[in-house]
>>> print(open('structure.txt').read())   # compact mmCIF, C-alpha atoms
# COMPACT_ATOMS: atom_id res chain seq x y z
CA MET A 1 53.85 56.47 244.13
CA LYS A 2 52.60 60.03 243.64
CA THR A 3 53.59 62.79 246.04
CA VAL A 4 52.00 66.17 246.67
CA GLY A 5 53.80 69.05 248.35
CA LEU A 6 52.14 71.57 250.66
CA ILE A 7 53.70 74.88 251.77
CA THR A 8 52.44 75.85 255.19
CA GLU A 9 52.80 77.56 258.54
CA TYR A 10 50.16 75.61 260.52
CA ASN A 11 50.04 78.39 263.08
CA PRO A 12 48.17 76.48 264.46
CA PHE A 13 46.89 73.50 262.46
CA HIS A 14 43.07 73.69 262.18
CA LYS A 15 40.10 72.19 260.33
CA GLY A 16 40.76 74.24 257.22
CA HIS A 17 44.29 72.84 257.03
CA LEU A 18 42.96 69.29 257.39
CA TYR A 19 40.49 69.97 254.57
CA HIS A 20 43.33 71.25 252.38
CA LEU A 21 45.55 68.26 253.16
CA ASN A 22 42.85 65.71 252.40
CA LYS A 23 41.56 67.59 249.34
CA ALA A 24 45.10 67.85 247.97
CA LYS A 25 45.44 64.06 248.06
CA GLU A 26 41.98 63.64 246.53
CA VAL A 27 42.38 65.99 243.55
CA THR A 28 45.94 64.86 242.71
CA GLY A 29 45.58 61.18 243.49
CA ALA A 30 48.73 61.42 245.60
CA ASP A 31 49.72 58.65 247.97
CA ARG A 32 52.06 60.77 250.08
CA VAL A 33 52.17 64.33 251.43
CA ILE A 34 55.35 66.31 252.03
CA VAL A 35 54.84 69.48 254.04
CA VAL A 36 57.31 72.37 253.86
CA MET A 37 56.61 74.35 257.03
CA SER A 38 57.95 77.57 258.51
CA GLY A 39 60.05 77.16 261.62
CA ASP A 40 59.71 79.14 264.84
CA PHE A 41 59.22 82.52 263.10
CA VAL A 42 56.72 83.05 260.30
CA GLN A 43 56.16 85.11 257.19
CA ARG A 44 54.43 88.04 258.92
CA GLY A 45 57.65 88.66 260.83
CA VAL A 46 56.47 87.36 264.20
CA PRO A 47 57.01 84.20 266.24
CA ALA A 48 54.76 81.19 265.72
CA ILE A 49 52.32 80.65 268.57
CA THR A 50 53.89 77.24 269.30
CA ASP A 51 57.27 75.86 268.31
CA LYS A 52 58.01 74.11 265.03
CA PHE A 53 58.17 70.58 266.42
CA THR A 54 54.73 70.96 268.02
CA ARG A 55 53.26 72.20 264.75
CA ALA A 56 54.99 69.42 262.80
CA HIS A 57 53.55 66.90 265.27
CA MET A 58 50.06 68.32 264.67
CA ALA A 59 50.46 67.90 260.91
CA LEU A 60 51.80 64.35 261.15
CA ALA A 61 49.05 63.38 263.58
CA GLU A 62 46.48 64.49 260.99
CA GLY A 63 47.96 62.70 257.99
CA ALA A 64 51.11 64.38 256.64
CA ASP A 65 53.88 61.89 255.85
CA LEU A 66 56.95 64.12 256.16
CA VAL A 67 57.43 67.65 257.50
CA VAL A 68 60.56 69.59 256.57
CA GLU A 69 61.51 73.05 257.79
CA LEU A 70 61.55 76.02 255.43
CA PRO A 71 64.85 77.82 256.12
CA CYS A 72 64.32 80.84 258.34
CA ILE A 73 65.51 83.39 255.80
CA TYR A 74 62.67 82.36 253.46
CA ALA A 75 60.09 81.68 256.17
CA THR A 76 60.34 85.31 257.34
CA ALA A 77 60.69 86.88 253.89
CA SER A 78 58.29 88.60 251.50
CA ALA A 79 55.83 86.47 249.55
CA GLU A 80 58.21 86.28 246.58
CA TYR A 81 61.11 84.81 248.53
CA PHE A 82 58.91 82.74 250.84
CA ALA A 83 57.48 81.03 247.75
CA LEU A 84 60.81 80.75 245.94
CA GLY A 85 62.54 79.09 248.89
CA ALA A 86 59.70 76.62 249.48
CA VAL A 87 59.24 75.72 245.80
CA ALA A 88 63.00 75.31 245.36
CA LEU A 89 63.11 72.96 248.34
CA LEU A 90 60.27 70.81 246.99
CA THR A 91 61.82 70.78 243.52
CA GLN A 92 65.24 69.79 244.80
CA LEU A 93 63.76 66.81 246.65
CA GLY A 94 63.29 65.30 243.21
CA CYS A 95 60.19 63.24 243.96
CA VAL A 96 57.32 65.74 244.27
CA ASP A 97 54.74 65.47 241.52
CA TYR A 98 52.30 68.21 242.55
CA LEU A 99 52.22 71.44 244.52
CA CYS A 100 48.75 72.08 245.92
CA PHE A 101 47.91 75.47 247.40
CA GLY A 102 44.77 77.28 248.45
CA SER A 103 43.51 80.42 246.73
CA GLU A 104 40.47 82.60 246.92
CA CYS A 105 40.33 82.56 243.12
CA GLY A 106 40.36 78.81 242.55
CA ASP A 107 41.14 79.26 238.82
CA ILE A 108 44.61 77.95 237.99
CA SER A 109 44.40 79.20 234.40
CA LEU A 110 43.70 82.81 235.41
CA LEU A 111 46.31 82.71 238.16
CA SER A 112 48.89 81.37 235.70
CA HIS A 113 48.05 84.12 233.21
CA VAL A 114 48.62 86.84 235.81
CA ALA A 115 51.77 85.10 237.10
CA ASP A 116 53.23 85.03 233.56
CA PHE A 117 52.64 88.77 233.22
CA LEU A 118 54.24 89.56 236.58
CA LEU A 119 57.20 87.29 235.86
CA GLU A 120 57.78 88.89 232.45
CA GLU A 121 57.32 92.45 233.80
CA PRO A 122 56.84 94.23 230.46
CA ALA A 123 58.63 97.57 230.14
CA GLU A 124 55.43 99.59 230.45
CA TYR A 125 54.57 97.78 233.68
CA GLN A 126 58.03 98.42 235.13
CA THR A 127 57.74 102.11 234.29
CA ALA A 128 54.30 102.38 235.86
CA LEU A 129 55.39 100.46 238.97
CA LYS A 130 58.41 102.72 239.47
CA SER A 131 56.24 105.82 239.09
CA HIS A 132 53.71 104.64 241.67
CA LEU A 133 56.43 103.66 244.14
CA GLN A 134 58.03 107.09 243.77
CA SER A 135 54.67 108.67 244.55
CA GLY A 136 54.84 107.11 248.03
CA LYS A 137 52.61 104.07 247.58
CA SER A 138 53.43 100.81 249.36
CA TYR A 139 54.61 98.02 247.07
CA PRO A 140 51.26 96.17 247.07
CA SER A 141 49.39 99.39 246.23
CA ALA A 142 51.91 100.36 243.57
CA ARG A 143 51.71 96.93 241.95
CA MET A 144 47.92 97.14 241.85
CA ALA A 145 48.05 100.59 240.26
CA ALA A 146 50.69 99.53 237.73
CA LEU A 147 48.62 96.55 236.67
CA SER A 148 45.58 98.78 236.35
CA ASP A 149 47.59 100.97 233.99
CA THR A 150 49.01 98.18 231.83
CA TRP A 151 46.85 95.03 232.02
CA LYS A 152 45.23 94.32 228.66
CA GLY A 153 42.36 92.12 229.83
CA ALA A 154 39.51 92.57 232.31
CA PHE A 155 41.16 94.29 235.23
CA ALA A 156 38.34 93.47 237.66
CA ASP A 157 39.51 89.85 237.76
CA VAL A 158 43.11 90.88 238.43
CA LYS A 159 42.05 93.37 241.10
CA ASP A 160 40.19 90.63 242.98
CA ILE A 161 43.24 88.39 242.80
CA LEU A 162 45.66 90.99 244.15
CA GLU A 163 43.38 91.95 247.03
CA SER A 164 43.38 88.42 248.49
CA PRO A 165 46.42 87.09 250.43
CA ASN A 166 46.19 83.45 249.34
CA ASN A 167 45.91 84.53 245.71
CA ILE A 168 49.06 86.61 246.11
CA LEU A 169 50.97 83.62 247.47
CA ALA A 170 49.51 81.46 244.68
CA LEU A 171 50.93 83.87 242.10
CA GLU A 172 54.34 83.68 243.76
CA TYR A 173 54.26 79.87 243.79
CA LEU A 174 53.47 79.86 240.08
CA LYS A 175 56.20 82.41 239.36
CA ALA A 176 58.70 80.33 241.34
CA LEU A 177 57.79 77.14 239.46
CA LYS A 178 58.32 78.92 236.15
CA ARG A 179 61.50 80.66 237.30
CA LEU A 180 63.00 77.34 238.40
CA ASN A 181 61.70 75.46 235.36
CA SER A 182 60.27 72.97 237.86
CA ALA A 183 58.48 69.84 236.68
CA ILE A 184 56.10 70.02 239.64
CA ILE A 185 52.48 70.45 238.52
CA PRO A 186 50.57 73.27 240.29
CA VAL A 187 47.05 72.62 241.57
CA THR A 188 44.86 75.09 243.46
CA ILE A 189 41.96 74.48 245.81
CA GLN A 190 39.51 77.29 246.37
CA ARG A 191 39.67 78.59 249.92
CA ILE A 192 36.46 78.21 251.91
CA GLY A 193 35.38 79.53 255.30
CA ALA A 194 36.63 82.66 257.07
CA GLY A 195 39.04 85.03 255.32
CA TYR A 196 42.78 84.77 255.90
CA HIS A 197 42.89 87.79 258.21
CA ALA A 198 39.45 87.33 259.78
CA ASN A 199 39.72 87.61 263.57
CA HIS A 200 36.28 86.28 264.48
CA ILE A 201 35.15 82.73 265.17
CA SER A 202 33.29 81.16 262.26
CA SER A 203 30.82 78.30 262.36
CA ASP A 204 32.74 76.42 259.66
CA PHE A 205 36.45 77.11 259.11
CA THR A 206 37.89 79.75 261.41
CA SER A 207 41.12 81.47 260.34
CA ALA A 208 44.42 80.85 262.11
CA THR A 209 44.44 84.59 262.91
CA ALA A 210 41.28 84.24 265.00
CA LEU A 211 42.54 81.08 266.68
CA ARG A 212 45.80 82.75 267.69
CA LYS A 213 43.84 85.66 269.15
CA ILE A 214 41.74 83.23 271.21
CA ILE A 215 44.80 81.32 272.39
CA LEU A 216 46.64 84.46 273.46
CA GLU A 217 43.68 86.23 275.07
CA SER A 218 41.28 83.58 276.37
CA ALA A 219 41.61 81.98 279.79
CA ASN A 220 39.80 78.88 278.49
CA PRO A 221 40.13 78.27 274.73
CA THR A 222 39.10 74.59 275.02
CA PRO A 223 35.54 75.00 273.59
CA ILE A 224 36.94 76.73 270.50
CA PHE A 225 39.61 74.04 270.11
CA GLU A 226 36.92 71.37 270.12
CA GLN A 227 35.07 73.17 267.30
CA GLN A 228 37.97 74.27 265.13
CA ILE A 229 40.99 72.00 265.65
CA PRO A 230 40.97 68.32 264.62
CA LYS A 231 41.08 65.74 267.38
CA TYR A 232 44.68 64.56 267.21
CA ALA A 233 46.14 67.99 266.50
CA ARG A 234 44.07 69.36 269.40
CA GLN A 235 45.66 66.90 271.81
CA VAL A 236 49.16 67.89 270.67
CA LEU A 237 48.41 71.62 270.89
CA ALA A 238 46.79 71.41 274.32
CA SER A 239 49.79 69.54 275.69
CA ALA A 240 52.27 72.05 274.25
CA LEU A 241 50.36 75.08 275.56
CA SER A 242 50.11 73.49 278.98
CA SER A 243 53.85 72.86 279.20
CA ALA A 244 55.36 75.85 277.40
CA GLY A 245 52.57 78.42 276.98
CA ALA A 246 51.60 80.43 273.91
CA VAL A 247 54.13 82.72 272.25
CA GLY A 248 53.46 86.28 271.05
CA ALA A 249 55.59 88.97 269.43
CA ASN A 250 55.85 91.01 272.61
CA ASP A 251 57.64 88.11 274.30
CA PHE A 252 60.65 89.30 272.28
CA SER A 253 60.36 93.03 273.01
CA ALA A 254 63.50 93.15 275.17
CA PHE A 255 65.53 91.17 272.63
CA LEU A 256 64.38 93.43 269.79
CA SER A 257 65.12 96.60 271.75
CA TYR A 258 68.67 95.42 272.36
CA ALA A 259 69.16 94.45 268.70
CA LEU A 260 67.89 97.85 267.54
CA LEU A 261 70.17 99.74 269.91
CA MET A 262 73.22 97.69 268.95
CA ASN A 263 72.66 97.94 265.19
CA LYS A 264 70.97 101.29 264.60
CA ALA A 265 73.95 102.57 262.61
CA HIS A 266 73.75 99.67 260.16
CA LEU A 267 70.03 99.03 259.70
CA THR A 268 70.17 99.09 255.90
CA ASP A 269 72.30 95.94 256.03
CA TYR A 270 69.19 94.00 257.00
CA LEU A 271 66.75 92.37 254.61
CA ASP A 272 63.72 94.51 253.67
CA ILE A 273 65.12 97.72 255.18
CA ASP A 274 65.82 100.70 252.90
CA SER A 275 67.33 104.01 253.96
CA ASP A 276 63.97 105.71 254.54
CA LEU A 277 62.73 102.95 256.84
CA ALA A 278 66.09 102.86 258.64
CA ASP A 279 65.86 106.61 259.27
CA ARG A 280 62.32 106.23 260.57
CA ILE A 281 63.34 103.42 262.93
CA VAL A 282 66.17 105.51 264.38
CA LYS A 283 63.94 108.58 264.71
CA LYS A 284 61.20 106.64 266.54
CA LEU A 285 63.52 104.49 268.67
CA PRO A 286 63.24 106.76 271.77
CA GLU A 287 59.47 106.01 271.74
CA TYR A 288 59.98 102.22 271.74
CA THR A 289 57.74 100.33 274.15
CA ASP A 290 57.37 96.84 272.72
CA TYR A 291 57.53 94.80 269.49
CA VAL A 292 53.90 95.26 268.41
CA GLY A 293 53.65 98.88 269.55
CA PHE A 294 56.81 99.84 267.69
CA ALA A 295 55.55 98.25 264.47
CA ASP A 296 52.32 100.24 264.84
CA LEU A 297 54.36 103.39 265.41
CA LEU A 298 56.45 102.85 262.27
CA LYS A 299 53.56 102.09 259.92
CA THR A 300 53.02 104.61 257.11
CA LYS A 301 51.35 104.76 253.72
CA ALA A 302 54.58 103.50 252.15
CA TYR A 303 55.31 100.74 254.67
CA THR A 304 52.67 98.14 255.47
CA HIS A 305 52.47 96.71 258.96
CA THR A 306 53.64 93.31 257.70
CA ARG A 307 56.62 94.84 255.89
CA ILE A 308 57.62 96.51 259.14
CA THR A 309 57.24 93.43 261.35
CA ARG A 310 59.27 91.42 258.83
CA SER A 311 61.98 94.08 258.90
CA LEU A 312 62.06 94.08 262.70
CA CYS A 313 62.19 90.30 262.70
CA HIS A 314 65.22 90.38 260.40
CA ILE A 315 66.99 92.68 262.85
CA LEU A 316 66.05 90.42 265.75
CA LEU A 317 67.33 87.29 263.96
CA ASP A 318 70.30 88.99 262.24
CA ILE A 319 69.12 88.22 258.70
CA ARG A 320 70.94 90.47 256.25
CA LYS A 321 70.67 91.29 252.56
CA MET A 322 74.05 89.71 251.88
CA HIS A 323 72.74 86.40 253.23
CA MET A 324 69.86 86.35 250.75
CA ASP A 325 72.14 87.41 247.88
CA THR A 326 74.57 84.59 248.67
CA TYR A 327 71.94 81.88 248.99
CA LEU A 328 70.13 82.87 245.79
CA ALA A 329 73.39 83.01 243.84
CA GLU A 330 74.51 79.54 244.93
CA ASN A 331 71.67 77.05 245.36
CA ILE A 332 68.62 78.71 247.04
CA CYS A 333 68.19 75.74 249.42
CA PHE A 334 71.07 73.53 250.52
CA TYR A 335 69.25 70.88 252.56
CA ALA A 336 65.87 69.63 253.68
CA LYS A 337 65.81 69.53 257.47
CA ALA A 338 63.25 67.01 258.68
CA LEU A 339 61.11 67.90 261.68
CA GLY A 340 59.28 64.58 261.66
CA PHE A 341 57.82 61.76 259.59
CA ARG A 342 55.46 58.81 259.80
CA ARG A 343 56.96 55.34 260.20
CA ASP A 344 54.99 54.02 257.23
CA GLY A 345 56.63 56.66 255.04
CA ALA A 346 59.72 54.55 254.32
CA PRO A 347 59.02 54.45 250.53
CA LEU A 348 58.90 58.26 250.50
CA LEU A 349 62.19 58.59 252.37
CA LYS A 350 63.73 56.06 249.96
CA ALA A 351 62.48 58.09 246.98
CA ILE A 352 64.02 61.25 248.41
CA LYS A 353 67.33 59.51 249.05
CA GLY A 354 67.41 58.26 245.47
CA ASN A 355 66.33 61.45 243.73
CA SER A 356 67.11 64.49 245.84
CA SER A 357 69.84 66.93 244.86
CA ILE A 358 70.10 68.14 248.49
CA PRO A 359 70.59 66.08 251.66
CA LEU A 360 67.67 65.20 253.90
CA ILE A 361 68.92 66.02 257.38
CA THR A 362 67.53 63.83 260.13
CA LYS A 363 70.47 64.21 262.55
CA LEU A 364 72.33 67.45 263.13
CA SER A 365 75.49 65.47 263.80
CA GLN A 366 75.53 64.67 260.05
CA VAL A 367 75.68 68.21 258.74
CA SER A 368 79.41 68.92 258.73
CA THR A 369 80.00 66.08 256.27
CA VAL A 370 77.14 66.81 253.87
CA LEU A 371 76.83 70.61 253.71
CA SER A 372 78.94 73.28 252.07
CA SER A 373 80.10 76.27 254.10
CA THR A 374 77.17 78.28 252.73
CA GLY A 375 74.74 75.51 253.59
CA LEU A 376 76.14 75.38 257.12
CA ALA A 377 75.70 79.15 257.42
CA MET A 378 72.04 78.83 256.42
CA LEU A 379 71.49 76.02 258.92
CA GLN A 380 73.16 78.03 261.68
CA GLN A 381 70.66 80.83 261.03
CA ASP A 382 67.81 78.36 261.49
CA LEU A 383 69.29 77.06 264.73
CA LYS A 384 69.94 80.56 266.07
CA ALA A 385 66.34 81.57 265.36
CA SER A 386 65.10 78.60 267.36
CA GLU A 387 67.49 79.38 270.22
CA ILE A 388 66.14 82.94 270.36
CA TYR A 389 62.59 81.60 270.26
CA HIS A 390 63.16 79.16 273.11
CA ASN A 391 65.19 81.53 275.29
CA ARG A 392 62.66 84.34 275.38
CA PRO A 393 62.09 85.99 278.77
CA ALA A 394 59.54 84.31 281.06
CA LYS A 395 59.59 81.15 278.94
CA LYS A 396 58.24 78.03 280.59
CA GLY A 397 60.12 74.75 280.46
CA SER A 398 63.74 73.63 280.42
CA ALA A 399 66.69 74.96 278.42
CA TYR A 400 66.63 74.27 274.66
CA ASN A 401 69.25 72.51 272.58
CA GLU A 402 68.16 71.45 269.12
CA TYR A 403 71.07 69.02 268.83
CA THR A 404 69.37 66.89 271.49
CA LYS A 405 65.84 67.38 270.17
CA PRO A 406 64.48 64.16 268.64
CA LEU A 407 62.45 64.13 265.45
CA ILE A 408 58.72 63.58 265.70
CA ILE A 409 58.16 60.01 264.51
CA LEU A 410 54.62 58.61 264.47
>>> encode(input="structure.txt", output="structure tokens")
Amino acid sequence: MKTVGLITEYNPFHKGHLYHLNKAKEVTGADRVIVVMSGDFVQRGVPAITDKFTRAHMALAEGADLVVELPCIYATASAEYFALGAVALLTQLGCVDYLCFGSECGDISLLSHVADFLLEEPAEYQTALKSHLQSGKSYPSARMAALSDTWKGAFADVKDILESPNNILALEYLKALKRLNSAIIPVTIQRIGAGYHANHISSDFTSATALRKIILESANPTPIFEQQIPKYARQVLASALSSAGAVGANDFSAFLSYALLMNKAHLTDYLDIDSDLADRIVKKLPEYTDYVGFADLLKTKAYTHTRITRSLCHILLDIRKMHMDTYLAENICFYAKALGFRRDGAPLLKAIKGNSSIPLITKLSQVSTVLSSTGLAMLQQDLKASEIYHNRPAKKGSAYNEYTKPLIIL
């Protein structure tokens, strides 16, 4: 049995994701698909448009065999730590043969070459990067400039790679595989259809960004769903939106305002927040209106909008630098928390049980006997994030308790 791993958000699951899932099985010859998926908050530092169990259900309905949750601290982190957490989780499962990811480049050899350079960080590159950061550039801009200064080959190819978001994640996946000395084989599929950030509807594969915009703003998104979301996933999504509604960042504006007021003297304790950004947050706090508006207000040349929303999300969820330092020093990931699986996936679950170096959690009642104190702390962060997500103001539906939430089993 061959197994391919996918690292995803499925926010929401659409035709492009189905293409990737099926193509991953085709090009690797894999029999089974394990999906590592972000939970209720995602890498841009905002809430997912629907909860993690709904999105896991969509993936399973369209052919995934097992969906496990990427711990919240990695799911809401920069590309480097997002990739490291997900790759570590797949590696620790002990039965994943391939990691298949999309990229605009589509050339695994070129991506690997650039990833090797960035992982090595030659002295001249480090010096150039530091100089560009000190000049006030954001990290992505400084990295681009430093590579321009020090790359020995054709820089045009590298420039194209670093200007495309899926390529950037691809580089981080490759770096993580090398850093962990993982035996998983990387495979890339060239991204097709609308760009990652495109906010318009395309005739072929529309981006998740555009679909979220439609869901949040349209009174009747059904025609778009029929064009862009596969049949079974569409049924799951429609049911979830009908019962609980769509979720946007501004649903958490009151929670974030409270967290900022309570912690404004200690903002540098939080992941991704340096002293300059902390000072800017405190200075602009009297102008706070809502989550999205405050991120817009804080944006500067040195701080990208995504860096800011991630930072605000870390304050909202109480994710601190010391947490990341502790997890990285000990084991990176301490468990694989299942969100759902297919009934015919018994051989896969057996392979995980026989080969994994971390427990596969299917019942929260199990955790006190199988997790270390640090592992329990990581899990509690995941559960707290979901409690915040499900207790937002004006939320539809009943009270949320993940201990009573059943897995999705198809």
>>> atom_distance(input="structure.txt", atom1="atom CA of Ala59 of chain A", atom2="atom CA of His17 of chain A")
8.8 Å
>>> residues_around(input="structure.txt", residues="Tyr403 of chain A", least_positions_apart="6", cutoff="9 Å", atoms="only C-alpha atoms", output="number ranges by chain")
A: 363-365
>>> atom_distance(input="structure.txt", atom1="atom CA of Ala56 of chain A", atom2="atom CA of Ile108 of chain A")
28.2 Å
>>> residues_around(input="structure.txt", residues="Asp160 of chain A", least_positions_apart="4", cutoff="9 Å", atoms="all atoms listed in the file", output="list in words")
Glu104, Cys105, Phe155, Ala156, Ser164 and Asn167 of chain A
>>> atom_distance(input="structure.txt", atom1="atom CA of Ala123 of chain A", atom2="atom CA of Thr150 of chain A")
9.8 Å
>>> closest_residue(input="structure.txt", among="A:Gly248, A:Pro186, A:Pro71, A:Pro122", to="Leu376 of chain A", atoms="all atoms listed in the file")
A:Pro71
>>> residues_around(input="structure.txt", residues="segment 256-267 of chain A", least_positions_apart="5", cutoff="12 Å", atoms="only C-alpha atoms", output="number ranges by chain")
A: 46, 249-251, 272-295, 309, 311-321, 388-389, 392-393
>>> residues_near_point(input="structure.txt", point="(55.3, 97.0, 244.9)", cutoff="12 Å", atoms="all atoms listed in the file", output="PyMOL selection string")
chain A and resi 78-80+118+125-126+128-147+162+302-304+307
>>> residues_around(input="structure.txt", residues="Thr306 of chain A", least_positions_apart="6", cutoff="9 Å", atoms="all atoms listed in the file", output="list in words")
Gln43, Arg44, Gly45 and Ala295 of chain A
>>> residues_around(input="structure.txt", residues="Arg179 of chain A", least_positions_apart="6", cutoff="12 Å", atoms="only C-alpha atoms", output="JSON, numbers by chain")
{"A": [80, 81, 83, 84, 85, 87, 88, 91, 115, 116, 118, 119, 120, 172, 173]}
>>> write_last_selection(input="structure.txt", atoms="C-alpha atoms", output="mmCIF file, in the frame of the given file")
data_model
loop_
_atom_site.group_PDB
_atom_site.id
_atom_site.type_symbol
_atom_site.label_atom_id
_atom_site.label_comp_id
_atom_site.auth_asym_id
_atom_site.auth_seq_id
_atom_site.Cartn_x
_atom_site.Cartn_y
_atom_site.Cartn_z
ATOM 1 C CA GLU A 80 58.210 86.280 246.580
ATOM 2 C CA TYR A 81 61.110 84.810 248.530
ATOM 3 C CA ALA A 83 57.480 81.030 247.750
ATOM 4 C CA LEU A 84 60.810 80.750 245.940
ATOM 5 C CA GLY A 85 62.540 79.090 248.890
ATOM 6 C CA VAL A 87 59.240 75.720 245.800
ATOM 7 C CA ALA A 88 63.000 75.310 245.360
ATOM 8 C CA THR A 91 61.820 70.780 243.520
ATOM 9 C CA ALA A 115 51.770 85.100 237.100
ATOM 10 C CA ASP A 116 53.230 85.030 233.560
ATOM 11 C CA LEU A 118 54.240 89.560 236.580
ATOM 12 C CA LEU A 119 57.200 87.290 235.860
ATOM 13 C CA GLU A 120 57.780 88.890 232.450
ATOM 14 C CA GLU A 172 54.340 83.680 243.760
ATOM 15 C CA TYR A 173 54.260 79.870 243.790
#
>>> residues_near_point(input="structure.txt", point="(62.9, 64.9, 271.9)", cutoff="12 Å", atoms="all atoms listed in the file", output="ChimeraX atom specification")
/A:53-54,57,339-340,400-409
>>> axis_aligned_box(input="structure.txt", around="segment 72-76 of chain A", padding_each_side="4 Å", output="lines of an AutoDock Vina configuration file")
center_x = 62.8
center_y = 83.1
center_z = 255.9
size_x = 13.4
size_y = 12.5
size_z = 12.9
>>> closest_atom_pairs(input="structure.txt", of="segment 328-388 of chain A", to="segment 18-35 of chain A", cutoff="12 Å", atoms="only C-alpha atoms", output="Markdown table")
| residue | atom | partner | partner_atom | distance |
| --- | --- | --- | --- | --- |
| A:Ala336 | CA | A:Val35 | CA | 11.0 |
| A:Lys337 | CA | A:Val35 | CA | 11.5 |
| A:Ala338 | CA | A:Val35 | CA | 9.9 |
| A:Leu339 | CA | A:Val35 | CA | 10.0 |
| A:Gly340 | CA | A:Val35 | CA | 10.1 |
| A:Phe341 | CA | A:Ile34 | CA | 9.2 |
| A:Arg342 | CA | A:Arg32 | CA | 10.5 |
| A:Asp344 | CA | A:Arg32 | CA | 10.3 |
| A:Gly345 | CA | A:Arg32 | CA | 7.9 |
| A:Ala346 | CA | A:Arg32 | CA | 10.7 |
| A:Pro347 | CA | A:Arg32 | CA | 9.4 |
| A:Leu348 | CA | A:Arg32 | CA | 7.3 |
| A:Leu349 | CA | A:Ile34 | CA | 10.3 |
| A:Ala351 | CA | A:Arg32 | CA | 11.2 |
| A:Ile352 | CA | A:Ile34 | CA | 10.7 |
>>> closest_residue(input="structure.txt", among="A:Met378, A:Leu174, A:Arg343, A:Trp151", to="Glu121 of chain A", atoms="all atoms listed in the file")
A:Trp151
>>> decode(input="structure.txt", residues="segment 217-246 of chain A", atoms="C-alpha atoms", output="PDB file, in the first residue's frame")
ATOM      1  CA  GLU A 217     -21.237  38.662   0.317  1.00  0.00           C
ATOM      2  CA  SER A 218     -23.770  36.920  -1.911  1.00  0.00           C
ATOM      3  CA  ALA A 219     -27.378  36.348  -0.902  1.00  0.00           C
ATOM      4  CA  ASN A 220     -27.539  33.330  -3.232  1.00  0.00           C
ATOM      5  CA  PRO A 221     -24.182  31.611  -3.885  1.00  0.00           C
ATOM      6  CA  THR A 222     -25.839  28.389  -5.131  1.00  0.00           C
ATOM      7  CA  PRO A 223     -25.112  28.919  -8.876  1.00  0.00           C
ATOM      8  CA  ILE A 224     -21.411  29.440  -8.137  1.00  0.00           C
ATOM      9  CA  PHE A 225     -21.364  26.368  -5.880  1.00  0.00           C
ATOM     10  CA  GLU A 226     -22.772  24.274  -8.707  1.00  0.00           C
ATOM     11  CA  GLN A 227     -19.972  25.444 -11.024  1.00  0.00           C
ATOM     12  CA  GLN A 228     -17.015  25.393  -8.661  1.00  0.00           C
ATOM     13  CA  ILE A 229     -17.603  22.929  -5.818  1.00  0.00           C
ATOM     14  CA  PRO A 230     -17.824  19.163  -6.409  1.00  0.00           C
ATOM     15  CA  LYS A 231     -21.181  17.508  -5.853  1.00  0.00           C
ATOM     16  CA  TYR A 232     -20.658  15.771  -2.516  1.00  0.00           C
ATOM     17  CA  ALA A 233     -18.616  18.573  -0.983  1.00  0.00           C
ATOM     18  CA  ARG A 234     -21.278  21.034  -2.157  1.00  0.00           C
ATOM     19  CA  GLN A 235     -23.972  19.162  -0.239  1.00  0.00           C
ATOM     20  CA  VAL A 236     -21.884  19.210   2.950  1.00  0.00           C
ATOM     21  CA  LEU A 237     -21.047  22.915   2.596  1.00  0.00           C
ATOM     22  CA  ALA A 238     -24.623  23.966   1.856  1.00  0.00           C
ATOM     23  CA  SER A 239     -25.872  22.126   4.921  1.00  0.00           C
ATOM     24  CA  ALA A 240     -23.230  23.687   7.179  1.00  0.00           C
ATOM     25  CA  LEU A 241     -23.868  27.223   5.925  1.00  0.00           C
ATOM     26  CA  SER A 242     -27.589  26.761   6.375  1.00  0.00           C
ATOM     27  CA  SER A 243     -27.233  25.631   9.991  1.00  0.00           C
ATOM     28  CA  ALA A 244     -24.297  27.697  11.264  1.00  0.00           C
ATOM     29  CA  GLY A 245     -23.664  30.443   8.698  1.00  0.00           C
ATOM     30  CA  ALA A 246     -20.386  31.598   7.187  1.00  0.00           C
TER      31      ALA A 246
END
